[in-house]
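In what follows, a single structure is set out as structure tokens and then discussed.
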Amino acid sequence: MQRGKMSKESGMVNKGWLLSRREFLAGLAALGLAGWTESAIGAAAGTSGWSGLPDRPEERPLDFRALADGFDAYVMDPAHGVNLRAKDGRQVFASALESVEDGGLTTYGPMALGRELRGEGLAGLAASLKGYFSEPYGLFLDGAGKSLCEHWYLMNITALAYGLIRLRFGQDAEWLARVEKSAARLKAMAQQIHYDFNSQGYDFAKAATFTNHDIYRQPDAVGGYSYIMLLAWKLTGKEFCLAEAKTGIDRYLDFAANPWYEIPSGAMAAMAAARLEAMGYPANARKALGFVLDAKAGLMATGQWSGRAVNGLMAGFRTEPAGQVYSMESMVTLPYLLPVARFRPELAEDVARYALNAAANLRWFYPEYLPRENQSRPELAPMVPYERLSREEKGYSPYATGDFAGHRSIYGGAYVLWLDKMIQLQGDPWLLRWDLAKTNFLDRDLPPAFLYYNPWPEEKRVTVETAEGQSRVHDLSRNRWLQARGGRAELMLGPHQARVIEIPR
């Protein structure tokens, strides 16, 4: 389906161009499109429900170590034109393979965090990250000198910045002061708008919300707000942050119908709800997870597109045409959703089933898995994924292509660096060990914990690796201890069963 692209000179719609979802992130207006209200959301989506995913995907999960190594080597090589230097000397990254401009904190954040998780880091991190902190407005924005930001972008980039601070600058008073300052500014914004994010974004220069068109209203951002305020509390210990996290999750879970606009907010909300429940606060992590795993609303794809399973892949923003999924949205969900299983082990099977399907079906964003005619730019570097996968385009199904800045996504593909450290092979290609601690930026002091899931219809035995001399491990799913000998414990998994195992330090 083609949509018009606005002419900045005339303000008219030129129907000969494909409308880009990314252009509106820069604040461009759209004309002549149907409105979107909260009541329309409910009418379109109905009641959020659990979506049936197969116990085991048809394809093997990808080799994320190889993908991450290839992506990292390519992107970090300045000769390839995406590892850039800003005018002030800061390291920045292009958002797409064909772009030549700073992709903002949306791109720098996942690259920097991914390399941090892989134990490599980025030289000059402090200078680069500081460049995205707006001193005039007291918080992180997507680009240097910016004054406005869409709600979902604001929550996403703040979560990325706080995650980097947690890993690299968690004891640094200067950086913690920035966290406190930005949290206070976000609190002021949220209270000013009465926690109603049913607009497109916020203009900090005007101290007011903006909405270029009703289809870009983003009510689910209050869920992302809850997560970043919870993380701010963990970093600073300021009680106002915890109070805001609770208010945010209450407002998010008050929605009767799924408020989804962009998946990072919902994924972060699920994590916030699970963590707050574990602290004794009456949030509803099951409902939050249901909002994420919701095919009825069009958020999560299920089934097949011309014989290729797309179960677990995520759509872009809500009011795009049906039959489109995106690499960033499909990858960014996993880091926030997996730790939910640690705090709510009864949800582990749903989380694991989703994660396994996504880990296999992400393949369709990579050129080696589709015929050349099913791709817009097959000649480009194979380790960088396409941004978008369409059910049908140009007569081919599915069809891998791009959007605004280019065809291949750096800002989305960077999350493969995270997945490399979250997913570990166990021999059986479908029986993986999922690390629940790597991307839990809220709690860096908890013992390691892992999710094991058996996708087969028969019982399977897995070996849980422990430290040498460790005598037992904690089965959080059953709240009991398992004996360990010689650096390992044996775990029996029933058909389609998931277990969460904590390894005491």
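Labels used: A, B, ... for chains in the order of the structure tokens, numbers from 1 for residues in each chain, and numbers from 1 for ligands as shown.
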
I want to know what sits within 8 Å of A:Gly109, based on only C-alpha atoms, with residues of the same chain fewer than 2 positions away left out; could you give that as a PyMOL selection string?
chain A and resi 105-107+111-113+157+160-161+164

Output all heavy atoms for every residue in the selection just made, as a short mmCIF file (atom, residue, chain, number, x, y, z; two decimals), in the first residue's frame.
data_model
loop_
_atom_site.label_atom_id
_atom_site.label_comp_id
_atom_site.auth_asym_id
_atom_site.auth_seq_id
_atom_site.Cartn_x
_atom_site.Cartn_y
_atom_site.Cartn_z
N LEU A 105 20.63 9.55 19.39
CA LEU A 105 20.78 8.62 20.51
C LEU A 105 20.02 7.32 20.24
O LEU A 105 20.38 6.27 20.78
CB LEU A 105 20.29 9.28 21.79
CG LEU A 105 20.50 8.55 23.12
CD1 LEU A 105 21.93 8.06 23.28
CD2 LEU A 105 20.09 9.44 24.29
N THR A 106 19.00 7.37 19.38
CA THR A 106 18.27 6.17 18.98
C THR A 106 19.20 5.15 18.34
O THR A 106 18.96 3.94 18.45
CB THR A 106 17.18 6.55 17.96
OG1 THR A 106 16.38 7.60 18.51
CG2 THR A 106 16.31 5.36 17.63
N THR A 107 20.25 5.61 17.70
CA THR A 107 21.22 4.71 17.06
C THR A 107 22.46 4.53 17.93
O THR A 107 22.94 3.41 18.12
CB THR A 107 21.64 5.27 15.68
OG1 THR A 107 20.47 5.52 14.91
CG2 THR A 107 22.51 4.26 14.94
N MET A 111 24.02 0.80 19.91
CA MET A 111 25.39 0.44 19.56
C MET A 111 26.28 0.45 20.80
O MET A 111 27.02 -0.51 21.06
CB MET A 111 25.95 1.41 18.52
CG MET A 111 25.56 1.11 17.09
SD MET A 111 26.18 -0.48 16.47
CE MET A 111 27.93 -0.33 16.72
N ALA A 112 26.21 1.52 21.58
CA ALA A 112 27.07 1.64 22.76
C ALA A 112 26.71 0.60 23.80
O ALA A 112 27.60 -0.04 24.40
CB ALA A 112 26.94 3.06 23.34
N LEU A 113 25.43 0.38 24.04
CA LEU A 113 25.02 -0.62 25.03
C LEU A 113 25.39 -2.02 24.56
O LEU A 113 25.82 -2.86 25.36
CB LEU A 113 23.52 -0.53 25.28
CG LEU A 113 23.09 0.32 26.48
CD1 LEU A 113 21.58 0.49 26.49
CD2 LEU A 113 23.56 -0.30 27.78
N ILE A 157 14.95 6.66 24.20
CA ILE A 157 16.32 7.18 24.31
C ILE A 157 16.71 7.40 25.77
O ILE A 157 17.88 7.22 26.13
CB ILE A 157 16.50 8.47 23.49
CG1 ILE A 157 15.58 9.58 23.99
CG2 ILE A 157 16.30 8.20 22.01
CD1 ILE A 157 15.78 10.91 23.28
N LEU A 160 17.78 4.09 27.08
CA LEU A 160 19.11 3.76 26.57
C LEU A 160 20.18 4.53 27.33
O LEU A 160 21.22 3.97 27.73
CB LEU A 160 19.19 4.08 25.07
CG LEU A 160 18.35 3.20 24.14
CD1 LEU A 160 18.30 3.80 22.74
CD2 LEU A 160 18.90 1.78 24.09
N ALA A 161 19.95 5.82 27.54
CA ALA A 161 20.93 6.64 28.27
C ALA A 161 21.10 6.15 29.70
O ALA A 161 22.23 6.00 30.19
CB ALA A 161 20.49 8.10 28.26
N LEU A 164 23.12 2.94 29.80
CA LEU A 164 24.56 3.19 29.65
C LEU A 164 25.16 3.75 30.94
O LEU A 164 26.26 3.36 31.34
CB LEU A 164 24.80 4.16 28.50
CG LEU A 164 24.73 3.56 27.10
CD1 LEU A 164 24.67 4.64 26.04
CD2 LEU A 164 25.92 2.63 26.85
#

For A:Asp55: contacts at 10 Å, only C-alpha atoms, fewer than 6 positions along chain excluded, given as a PyMOL selection string
chain A and resi 349-350+352-354+356-357+453-457+495-497

Kindly export the residues of the current selection with C-alpha atoms, as a PDB file, in the first residue's frame.
ATOM      1  CA  GLU A 349       6.418 -20.222  29.212  1.00  0.00           C
ATOM      2  CA  ASP A 350       4.670 -17.376  27.399  1.00  0.00           C
ATOM      3  CA  ALA A 352       9.992 -18.222  26.244  1.00  0.00           C
ATOM      4  CA  ARG A 353       7.624 -19.295  23.466  1.00  0.00           C
ATOM      5  CA  TYR A 354       7.561 -15.774  22.103  1.00  0.00           C
ATOM      6  CA  LEU A 356      12.087 -18.647  20.611  1.00  0.00           C
ATOM      7  CA  ASN A 357       9.796 -17.798  17.692  1.00  0.00           C
ATOM      8  CA  TYR A 453      12.391 -23.823  27.688  1.00  0.00           C
ATOM      9  CA  ASN A 454      11.630 -27.193  26.124  1.00  0.00           C
ATOM     10  CA  PRO A 455       9.744 -26.709  22.840  1.00  0.00           C
ATOM     11  CA  TRP A 456       9.433 -30.459  22.194  1.00  0.00           C
ATOM     12  CA  PRO A 457       6.488 -32.767  22.965  1.00  0.00           C
ATOM     13  CA  PRO A 495       7.019 -31.106  27.236  1.00  0.00           C
ATOM     14  CA  HIS A 496       6.660 -27.383  26.437  1.00  0.00           C
ATOM     15  CA  GLN A 497       7.811 -26.489  29.943  1.00  0.00           C
TER      16      GLN A 497
END

Quick one: everything within 8 Å of A:Val325, counting only C-alpha atoms, minus sequence neighbours fewer than 3 positions away in the same chain. Send it as a PyMOL selection string.
chain A and resi 301+313-316+329-330+388-390

Residues as selected, C-alpha atoms, written as a PDB file, in the first residue's frame, can you do that?
ATOM      1  CA  ALA A 301       2.595 -10.916  13.584  1.00  0.00           C
ATOM      2  CA  LEU A 313       7.815 -10.263  14.646  1.00  0.00           C
ATOM      3  CA  MET A 314       6.576  -6.812  15.635  1.00  0.00           C
ATOM      4  CA  ALA A 315       4.835  -4.091  13.673  1.00  0.00           C
ATOM      5  CA  GLY A 316       5.911  -0.457  13.550  1.00  0.00           C
ATOM      6  CA  GLU A 329      10.708  -3.296  16.936  1.00  0.00           C
ATOM      7  CA  SER A 330      11.197  -7.069  16.650  1.00  0.00           C
ATOM      8  CA  ARG A 388      11.064  -3.498   7.137  1.00  0.00           C
ATOM      9  CA  LEU A 389       9.472  -6.732   5.978  1.00  0.00           C
ATOM     10  CA  SER A 390       6.184  -6.438   4.076  1.00  0.00           C
TER      11      SER A 390
END

Pick from A:Asp220, A:Asp203, A:Glu120, A:Asp77 nearest to A:Trp152, counting only C-alpha atoms
A:Asp220

Check stretch 68-112 of chain A with DSSP on the backbone and list each residue it calls strand (DSSP E), as a PyMOL selection string.
chain A and resi 83-85+91-93

So that I can check the surroundings of A:Glu502, please list as a list in words every protein, DNA and RNA residue that reaches within 7 Å of it, counting only C-alpha atoms and ignoring chain neighbours fewer than 6 positions away.
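So, after excluding close chain neighbours, the residues are Pro447, Pro448, Ala449, Phe450, Val473, His474, Asp475 and Leu476 of chain A.
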
Compile the contact shell of stretch 177-187 of chain A as a PDB file with C-alpha atoms, in the first residue's frame: residues with an atom at most 9 Å away, counting only C-alpha atoms, same-chain residues fewer than 3 positions apart removed.
ATOM      1  CA  PHE A 133      22.012  15.671  26.992  1.00  0.00           C
ATOM      2  CA  TYR A 137      15.980  21.501  28.959  1.00  0.00           C
ATOM      3  CA  GLY A 138      17.675  19.194  31.439  1.00  0.00           C
ATOM      4  CA  LEU A 139      17.174  15.793  29.812  1.00  0.00           C
ATOM      5  CA  PHE A 140      18.338  13.509  27.022  1.00  0.00           C
ATOM      6  CA  THR A 158      16.055   7.925  28.026  1.00  0.00           C
ATOM      7  CA  ALA A 161      20.931   6.639  28.268  1.00  0.00           C
ATOM      8  CA  TYR A 162      20.073   5.398  31.753  1.00  0.00           C
ATOM      9  CA  ILE A 165      24.932   5.202  32.834  1.00  0.00           C
ATOM     10  CA  ASP A 172      29.789   8.780  38.971  1.00  0.00           C
ATOM     11  CA  ALA A 173      28.184  11.740  40.786  1.00  0.00           C
ATOM     12  CA  GLU A 174      28.149  13.924  37.672  1.00  0.00           C
ATOM     13  CA  ALA A 190       4.085  14.192  33.022  1.00  0.00           C
ATOM     14  CA  GLN A 191       2.325  16.122  35.743  1.00  0.00           C
ATOM     15  CA  GLN A 192       1.712  19.086  33.456  1.00  0.00           C
ATOM     16  CA  TYR A 225       7.605   6.432  31.532  1.00  0.00           C
ATOM     17  CA  ILE A 228      12.480   4.905  33.108  1.00  0.00           C
ATOM     18  CA  MET A 229      11.328   6.377  36.408  1.00  0.00           C
ATOM     19  CA  ALA A 232      15.983   6.475  37.755  1.00  0.00           C
ATOM     20  CA  TRP A 233      14.994   5.384  41.279  1.00  0.00           C
ATOM     21  CA  LEU A 235      20.183   4.797  40.029  1.00  0.00           C
ATOM     22  CA  THR A 236      19.570   7.736  42.355  1.00  0.00           C
ATOM     23  CA  LYS A 238      15.159   9.386  44.953  1.00  0.00           C
ATOM     24  CA  PHE A 240       9.887  10.728  43.818  1.00  0.00           C
ATOM     25  CA  CYS A 241      11.117   8.499  40.997  1.00  0.00           C
ATOM     26  CA  GLU A 244       6.233   8.275  39.520  1.00  0.00           C
TER      27      GLU A 244
END

Can you write out as a tab-separated table which residues of stretch 344-394 of chain A fall within 12 Å of stretch 410-429 of chain A, alongside each residue's closest atom pair and its distance in Å to one decimal, counting only C-alpha atoms and ordering rows by chain and ascending residue number?
residue	atom	partner	partner_atom	distance
A:Ala352	CA	A:Ile423	CA	11.5
A:Ala355	CA	A:Ile423	CA	9.9
A:Leu356	CA	A:Ile423	CA	9.9
A:Ala358	CA	A:Leu419	CA	11.1
A:Ala359	CA	A:Leu419	CA	8.9
A:Ala360	CA	A:Pro429	CA	10.2
A:Leu362	CA	A:Val416	CA	10.2
A:Arg363	CA	A:Val416	CA	11.6
A:Phe365	CA	A:Gly413	CA	9.4
A:Tyr366	CA	A:Gly413	CA	9.8
A:Ala381	CA	A:Ile410	CA	11.5
A:Pro382	CA	A:Gly413	CA	11.3
A:Met383	CA	A:Gly413	CA	8.6
A:Val384	CA	A:Gly413	CA	6.1
A:Pro385	CA	A:Gly413	CA	5.8
A:Tyr386	CA	A:Gly413	CA	8.3
A:Glu387	CA	A:Gly412	CA	7.1
A:Arg388	CA	A:Gly412	CA	10.1

Nearby residues (only C-alpha atoms) at most 12 Å from stretch 303-307 of chain A, same-chain spacing under 3 positions excluded, as a PyMOL selection string
chain A and resi 51-54+57-59+295+300+310-313+323-325+357+361+364+370+374+389-393+395-399

How close does each residue of stretch 166-264 of chain A get to stretch 121-131 of chain A, giving the shortest atom pair and distance in Å to one decimal for every residue with an atom at most 10 Å away, counting only C-alpha atoms, sorted by chain and residue number, as a tab-separated table?
residue	atom	partner	partner_atom	distance
A:Arg168	CA	A:Leu125	CA	8.9
A:Phe169	CA	A:Ala126	CA	8.8
A:Trp175	CA	A:Lys130	CA	9.1
A:Arg178	CA	A:Lys130	CA	9.5

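You will find atom CA of A:Tyr108 at 15.8 Å from atom CA of A:Ser134.
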
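Of the listed residues (A:Phe291, A:Tyr326, A:Phe343, A:Tyr216), A:Phe343 comes nearest to A:Ala274; the distances count only C-alpha atoms.
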
Please determine, counting only C-alpha atoms, which residue among A:Lys234, A:Arg499, A:Lys438, A:Lys87 has the shortest atom-to-atom distance to A:Leu347.
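Using only C-alpha atoms, A:Leu347 sits closest to A:Arg499.
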